[in-house]
$ cat final.txt   # compact mmCIF, C-alpha atoms and all ligand atoms
# COMPACT_ATOMS: atom_id res chain seq x y z
CA MET A 274 117.22 116.92 114.12
CA SER A 275 113.95 117.35 112.22
CA TYR A 276 111.58 116.65 115.12
CA GLU A 277 111.18 120.29 116.24
CA GLN A 278 110.67 121.61 112.70
CA VAL A 279 108.10 118.98 111.78
CA LYS A 280 106.26 119.43 115.08
CA ALA A 281 106.13 123.20 114.48
CA SER A 282 104.89 122.63 110.92
CA TYR A 283 102.17 120.28 112.19
CA ASP A 284 101.11 122.89 114.79
CA ARG A 285 100.77 125.52 112.05
CA CYS A 286 98.81 123.04 109.92
CA TYR A 287 96.05 122.30 112.33
CA LYS A 288 95.87 125.82 113.75
CA SER A 289 95.17 127.06 110.21
CA GLY A 290 91.74 125.44 110.02
CA ASP A 291 90.24 122.07 109.14
CA PHE A 292 93.52 120.36 108.24
CA PHE A 293 92.14 116.83 108.27
CA GLY A 294 89.04 117.94 106.35
CA THR A 295 91.35 119.07 103.53
CA PHE A 296 93.43 115.94 103.99
CA TYR A 297 90.54 113.48 103.58
CA ASP A 298 89.16 115.43 100.58
CA SER A 299 92.54 114.98 98.93
CA PHE A 300 93.10 111.37 100.06
CA LEU A 301 89.65 110.06 99.05
CA ALA A 302 90.06 111.64 95.60
CA LYS A 303 93.37 109.77 95.05
CA SER A 304 91.81 106.41 94.24
CA PRO A 305 88.42 104.66 94.25
CA GLU A 306 90.02 102.03 96.47
CA VAL A 307 90.68 104.64 99.16
CA ALA A 308 87.21 106.18 98.84
CA ALA A 309 85.62 102.72 99.17
CA LYS A 310 87.48 102.05 102.43
CA PHE A 311 86.05 105.21 103.98
CA ALA A 312 82.50 104.78 102.61
CA ASN A 313 80.98 104.32 106.08
CA THR A 314 83.36 106.46 108.12
CA ASP A 315 82.16 109.05 110.62
CA PHE A 316 84.79 111.74 109.99
CA LYS A 317 83.84 113.61 113.16
CA LYS A 318 85.21 110.61 115.04
CA GLN A 319 88.00 109.84 112.61
CA LYS A 320 89.62 113.30 112.58
CA PRO A 321 90.69 113.42 116.25
CA LEU A 322 92.02 109.84 115.95
CA ILE A 323 94.17 110.62 112.91
CA LYS A 324 95.28 113.91 114.46
CA ALA A 325 96.58 112.09 117.55
CA SER A 326 98.21 109.28 115.57
CA VAL A 327 100.08 111.65 113.22
CA ASN A 328 101.40 113.29 116.37
CA MET A 329 102.62 109.84 117.47
CA MET A 330 104.15 109.26 114.03
CA ILE A 331 106.14 112.48 114.46
CA ARG A 332 107.25 111.43 117.96
CA LEU A 333 108.64 108.07 116.81
CA GLY A 334 112.38 108.26 116.76
CA THR A 335 112.44 110.43 119.88
CA GLY A 336 112.40 107.11 121.76
CA ASP A 337 108.81 107.60 122.95
CA ILE A 338 107.58 104.09 123.90
CA LYS A 339 103.91 105.17 123.94
CA ALA A 340 104.24 106.51 120.41
CA ARG A 341 105.68 103.18 119.25
CA GLU A 342 102.90 101.21 120.93
CA ALA A 343 100.22 103.48 119.42
CA ILE A 344 101.65 103.04 115.91
CA GLU A 345 102.01 99.28 116.37
CA LYS A 346 98.28 99.25 117.19
CA VAL A 347 97.53 101.14 113.97
CA GLY A 348 99.58 98.42 112.23
CA THR A 349 97.30 95.78 113.72
CA THR A 350 94.02 97.53 112.82
CA HIS A 351 95.25 98.26 109.26
CA SER A 352 96.51 94.71 108.64
CA LYS A 353 95.09 92.29 106.07
CA PRO A 354 92.76 90.46 108.48
CA GLN A 355 91.30 93.73 109.82
CA LEU A 356 90.96 96.91 107.69
CA ASN A 357 93.04 95.31 104.89
CA ILE A 358 94.95 98.44 103.88
CA GLU A 359 97.39 97.47 101.13
CA PRO A 360 100.92 98.81 101.73
CA LYS A 361 100.98 100.65 98.37
CA LEU A 362 98.23 102.99 99.65
CA TYR A 363 100.63 104.62 102.11
CA ASP A 364 102.38 106.44 99.23
CA LEU A 365 99.04 108.09 98.38
CA TRP A 366 98.49 108.84 102.07
CA PHE A 367 101.84 110.64 102.24
CA GLU A 368 101.20 112.51 98.97
CA SER A 369 97.91 113.81 100.39
CA LEU A 370 99.58 114.76 103.65
CA CYS A 371 102.14 116.89 101.75
CA GLU A 372 99.54 118.45 99.44
CA THR A 373 97.46 119.36 102.48
CA ALA A 374 100.41 120.73 104.42
CA ALA A 375 101.39 122.82 101.41
CA LYS A 376 97.97 124.49 101.64
CA HIS A 377 97.82 124.82 105.43
CA ASP A 378 101.41 125.56 106.46
CA SER A 379 102.39 129.08 105.33
CA GLU A 380 106.07 128.14 105.78
CA TRP A 381 105.89 124.96 103.66
CA ASN A 382 108.90 124.29 101.41
CA GLU A 383 110.86 121.39 99.91
CA GLU A 384 113.16 121.12 102.88
CA LEU A 385 110.19 120.72 105.24
CA GLU A 386 108.69 118.14 102.90
CA SER A 387 111.80 115.99 103.10
CA MET A 388 111.86 116.34 106.89
CA TRP A 389 108.24 115.18 107.04
CA LYS A 390 109.13 112.27 104.77
CA GLU A 391 112.00 111.28 107.02
CA ARG A 392 109.78 111.44 110.14
CA MET A 393 106.89 109.46 108.59
CA GLN A 394 109.08 106.67 107.21
CA GLU A 395 109.57 104.77 110.45
CA GLY A 396 105.85 104.73 111.28
CA VAL A 397 104.85 103.62 107.79
CA LYS A 398 107.44 100.84 108.07
CA ILE A 399 106.06 99.70 111.45
CA ILE A 400 102.49 99.71 110.08
CA THR A 401 103.15 98.03 106.71
CA GLU A 402 105.39 95.35 108.26
CA ARG A 403 102.30 94.21 110.18
CA TYR A 404 100.17 93.94 107.04
C1 LIG B 501 100.61 106.20 108.45
C2 LIG B 501 99.39 106.30 107.95
C3 LIG B 501 98.11 106.08 108.72
C4 LIG B 501 97.82 106.34 110.04
C5 LIG B 501 98.74 106.93 111.11
C6 LIG B 501 96.44 105.94 110.25
C7 LIG B 501 95.75 106.05 111.45
C8 LIG B 501 94.47 105.62 111.66
C9 LIG B 501 93.79 105.63 112.93
C10 LIG B 501 94.39 106.10 114.25
C11 LIG B 501 92.55 105.14 112.73
C12 LIG B 501 91.46 104.95 113.80
C13 LIG B 501 91.25 103.49 114.11
C14 LIG B 501 92.52 102.83 114.58
O1 LIG B 501 93.04 103.19 115.65
O2 LIG B 501 93.04 102.00 113.84
C15 LIG B 501 92.43 104.81 111.34
C16 LIG B 501 91.31 104.26 110.75
C17 LIG B 501 91.21 103.95 109.41
N1 LIG B 501 92.18 104.08 108.45
FE1 LIG B 501 94.05 104.73 108.76
N2 LIG B 501 95.93 105.46 109.07
C18 LIG B 501 96.92 105.52 108.12
C19 LIG B 501 96.84 105.15 106.80
C20 LIG B 501 95.71 104.67 106.19
C21 LIG B 501 95.63 104.33 104.80
C22 LIG B 501 96.78 104.39 103.79
C23 LIG B 501 94.37 103.94 104.56
C24 LIG B 501 93.86 103.52 103.20
C25 LIG B 501 92.63 103.63 102.78
C26 LIG B 501 93.64 104.00 105.83
C27 LIG B 501 92.33 103.65 106.04
C28 LIG B 501 91.68 103.66 107.26
C29 LIG B 501 90.30 103.22 107.45
C30 LIG B 501 89.37 102.66 106.38
C31 LIG B 501 90.01 103.40 108.79
C32 LIG B 501 88.68 103.09 109.51
C33 LIG B 501 87.76 104.27 109.40
C34 LIG B 501 86.42 103.97 110.04
O3 LIG B 501 86.35 103.83 111.27
O4 LIG B 501 85.44 103.90 109.27
N3 LIG B 501 94.50 104.44 106.80
N4 LIG B 501 93.60 105.11 110.69
$ encode --input "final.txt" --output "structure tokens" --more "lines below"
Ligand code: HEM
Amino acid sequence: MSYEQVKASYDRCYKSGDFFGTFYDSFLAKSPEVAAKFANTDFKKQKPLIKASVNMMIRLGTGDIKAREAIEKVGTTHSKPQLNIEPKLYDLWFESLCETAAKHDSEWNEELESMWKERMQEGVKIITERY
């Protein structure tokens, strides 16, 4: 079960420094569409929110009801009528997450990357189904 390994990887990531600083640098550089969405964002506020929600993404699949509810909420805020985040942008999001983890997790390898992918899939599905 990949939960423990991914959780440990995530712990290493954010203990290593400004993980979500590196993440947003990478993500905003992926496409002008992404950068435009975050044009007015206060990243001091955004970073703790994304940190907590990635934790919830990892917990999905452990049967954690609160995690599911939190991710369903992200699905609502990211839907077409609200933030209007097109489903294709989640591939870029995941690419940036892996690039960032590769820099911040000293134990990063291909096996961990596929475990992360497996753990993120359910959450991305929940969110994009609500688009
Ligand atoms: C699974 C992936 C993602 C997760 C877990 C996530 C999570 C969050 C959370 C927790 C917030 C805070 C507000 C809220 O609760 O809705 C947020 C805000 C936001 N997210 Fe995401 N997000 C994801 C993917 C994306 C993608 C692909 C984009 C594309 C550009 C995006 C753009 C935004 C924007 C524009 C905001 C508002 C920022 C502001 O307040 O200015 N998110 N996200």
$ closest_residue --input "final.txt" --among "A:Pro354, A:Gly294, A:Gly348, A:Pro360" --to "A:Pro321" --atoms "all atoms listed in the file"
A:Gly294
$ residues_near_ligand --input "final.txt" --ligand "ligand LIG 501 (chain B)" --cutoff "6 Å" --atoms "only C-alpha atoms and all ligand atoms" --output "PyMOL selection string"
chain A and resi 307+310-311+313-314+322-323+326-327+347+350+358+362-363+366+397
$ closest_residue --input "final.txt" --among "A:His377, A:Lys320, A:Arg341, A:Arg403" --to "A:Ser289" --atoms "all atoms listed in the file"
A:His377
$ residues_around --input "final.txt" --residues "A:Leu365" --least-positions-apart "2" --cutoff "10 Å" --atoms "all atoms listed in the file" --output "PDB file with C-alpha atoms, in the frame of the given file"
ATOM      1  CA  SER A 299      92.540 114.980  98.930  1.00  0.00           C
ATOM      2  CA  PHE A 300      93.100 111.370 100.060  1.00  0.00           C
ATOM      3  CA  LEU A 301      89.650 110.060  99.050  1.00  0.00           C
ATOM      4  CA  LYS A 303      93.370 109.770  95.050  1.00  0.00           C
ATOM      5  CA  SER A 304      91.810 106.410  94.240  1.00  0.00           C
ATOM      6  CA  VAL A 307      90.680 104.640  99.160  1.00  0.00           C
ATOM      7  CA  LYS A 361     100.980 100.650  98.370  1.00  0.00           C
ATOM      8  CA  LEU A 362      98.230 102.990  99.650  1.00  0.00           C
ATOM      9  CA  TYR A 363     100.630 104.620 102.110  1.00  0.00           C
ATOM     10  CA  PHE A 367     101.840 110.640 102.240  1.00  0.00           C
ATOM     11  CA  GLU A 368     101.200 112.510  98.970  1.00  0.00           C
ATOM     12  CA  SER A 369      97.910 113.810 100.390  1.00  0.00           C
ATOM     13  CA  LEU A 370      99.580 114.760 103.650  1.00  0.00           C
ATOM     14  CA  CYS A 371     102.140 116.890 101.750  1.00  0.00           C
TER      15      CYS A 371
END
$ atom_distance --input "final.txt" --atom1 "atom CA of A:Gln278" --atom2 "atom CA of A:Thr349"
29.1 Å
$ closest_residue --input "final.txt" --among "A:Asp364, A:Gly334, A:Glu380, A:Phe293" --to "A:Lys318" --atoms "all atoms listed in the file"
A:Phe293
$ closest_residue --input "final.txt" --among "A:Asn328, A:Thr335, A:Gln394, A:Ala375" --to "A:Asp284" --atoms "all atoms listed in the file"
A:Asn328
$ closest_residue --input "final.txt" --among "A:Arg285, A:Pro305, A:Thr401, A:Arg392" --to "A:Met330" --atoms "all atoms listed in the file"
A:Arg392
$ atom_distance --input "final.txt" --atom1 "atom CA of A:Val279" --atom2 "atom CA of A:His351"
24.5 Å
$ closest_residue --input "final.txt" --among "A:Ala309, A:Met329, A:Ala343, A:Ala374" --to "A:Lys288" --atoms "only C-alpha atoms"
A:Ala374
$ atom_distance --input "final.txt" --atom1 "atom CA of A:Met393" --atom2 "atom CA of A:Tyr276"
10.8 Å
$ axis_aligned_box --input "final.txt" --around "stretch 391-394 of chain A" --padding-each-side "4 Å" --output "lines of an AutoDock Vina configuration file"
center_x = 109.4
center_y = 109.1
center_z = 108.6
size_x = 13.1
size_y = 12.8
size_z = 11.1
$ decode --input "final.txt" --residues "stretch 357-368 of chain A" --atoms "N, CA, C and O atoms" --output "PDB file, in the first residue's frame"
ATOM      1  N   ASN A 357     -13.250  28.086 -12.660  1.00  0.00           N
ATOM      2  CA  ASN A 357     -13.163  27.667 -14.069  1.00  0.00           C
ATOM      3  C   ASN A 357     -11.780  27.109 -14.425  1.00  0.00           C
ATOM      4  O   ASN A 357     -11.067  27.645 -15.276  1.00  0.00           O
ATOM      5  N   ILE A 358     -11.410  26.030 -13.739  1.00  0.00           N
ATOM      6  CA  ILE A 358     -10.122  25.381 -13.983  1.00  0.00           C
ATOM      7  C   ILE A 358     -10.349  24.187 -14.919  1.00  0.00           C
ATOM      8  O   ILE A 358     -10.906  23.167 -14.509  1.00  0.00           O
ATOM      9  N   GLU A 359      -9.931  24.353 -16.174  1.00  0.00           N
ATOM     10  CA  GLU A 359     -10.144  23.296 -17.164  1.00  0.00           C
ATOM     11  C   GLU A 359      -9.435  22.003 -16.764  1.00  0.00           C
ATOM     12  O   GLU A 359      -8.272  22.041 -16.352  1.00  0.00           O
ATOM     13  N   PRO A 360     -10.137  20.865 -16.908  1.00  0.00           N
ATOM     14  CA  PRO A 360      -9.565  19.579 -16.502  1.00  0.00           C
ATOM     15  C   PRO A 360      -8.170  19.284 -17.055  1.00  0.00           C
ATOM     16  O   PRO A 360      -7.350  18.667 -16.383  1.00  0.00           O
ATOM     17  N   LYS A 361      -7.852  19.761 -18.270  1.00  0.00           N
ATOM     18  CA  LYS A 361      -6.530  19.461 -18.847  1.00  0.00           C
ATOM     19  C   LYS A 361      -5.382  20.055 -18.014  1.00  0.00           C
ATOM     20  O   LYS A 361      -4.251  19.588 -18.070  1.00  0.00           O
ATOM     21  N   LEU A 362      -5.687  21.082 -17.210  1.00  0.00           N
ATOM     22  CA  LEU A 362      -4.633  21.740 -16.431  1.00  0.00           C
ATOM     23  C   LEU A 362      -4.112  20.878 -15.275  1.00  0.00           C
ATOM     24  O   LEU A 362      -3.043  21.146 -14.731  1.00  0.00           O
ATOM     25  N   TYR A 363      -4.868  19.833 -14.936  1.00  0.00           N
ATOM     26  CA  TYR A 363      -4.425  18.967 -13.826  1.00  0.00           C
ATOM     27  C   TYR A 363      -3.216  18.114 -14.206  1.00  0.00           C
ATOM     28  O   TYR A 363      -2.469  17.695 -13.325  1.00  0.00           O
ATOM     29  N   ASP A 364      -3.011  17.882 -15.517  1.00  0.00           N
ATOM     30  CA  ASP A 364      -1.795  17.161 -15.940  1.00  0.00           C
ATOM     31  C   ASP A 364      -0.564  18.029 -15.652  1.00  0.00           C
ATOM     32  O   ASP A 364       0.459  17.532 -15.179  1.00  0.00           O
ATOM     33  N   LEU A 365      -0.693  19.345 -15.934  1.00  0.00           N
ATOM     34  CA  LEU A 365       0.417  20.268 -15.661  1.00  0.00           C
ATOM     35  C   LEU A 365       0.667  20.369 -14.155  1.00  0.00           C
ATOM     36  O   LEU A 365       1.803  20.439 -13.697  1.00  0.00           O
ATOM     37  N   TRP A 366      -0.435  20.388 -13.415  1.00  0.00           N
ATOM     38  CA  TRP A 366      -0.350  20.456 -11.945  1.00  0.00           C
ATOM     39  C   TRP A 366       0.463  19.265 -11.431  1.00  0.00           C
ATOM     40  O   TRP A 366       1.371  19.431 -10.617  1.00  0.00           O
ATOM     41  N   PHE A 367       0.142  18.073 -11.958  1.00  0.00           N
ATOM     42  CA  PHE A 367       0.845  16.876 -11.478  1.00  0.00           C
ATOM     43  C   PHE A 367       2.311  16.867 -11.926  1.00  0.00           C
ATOM     44  O   PHE A 367       3.199  16.483 -11.161  1.00  0.00           O
ATOM     45  N   GLU A 368       2.557  17.329 -13.144  1.00  0.00           N
ATOM     46  CA  GLU A 368       3.950  17.442 -13.628  1.00  0.00           C
ATOM     47  C   GLU A 368       4.772  18.334 -12.698  1.00  0.00           C
ATOM     48  O   GLU A 368       5.897  17.981 -12.322  1.00  0.00           O
TER      49      GLU A 368
END
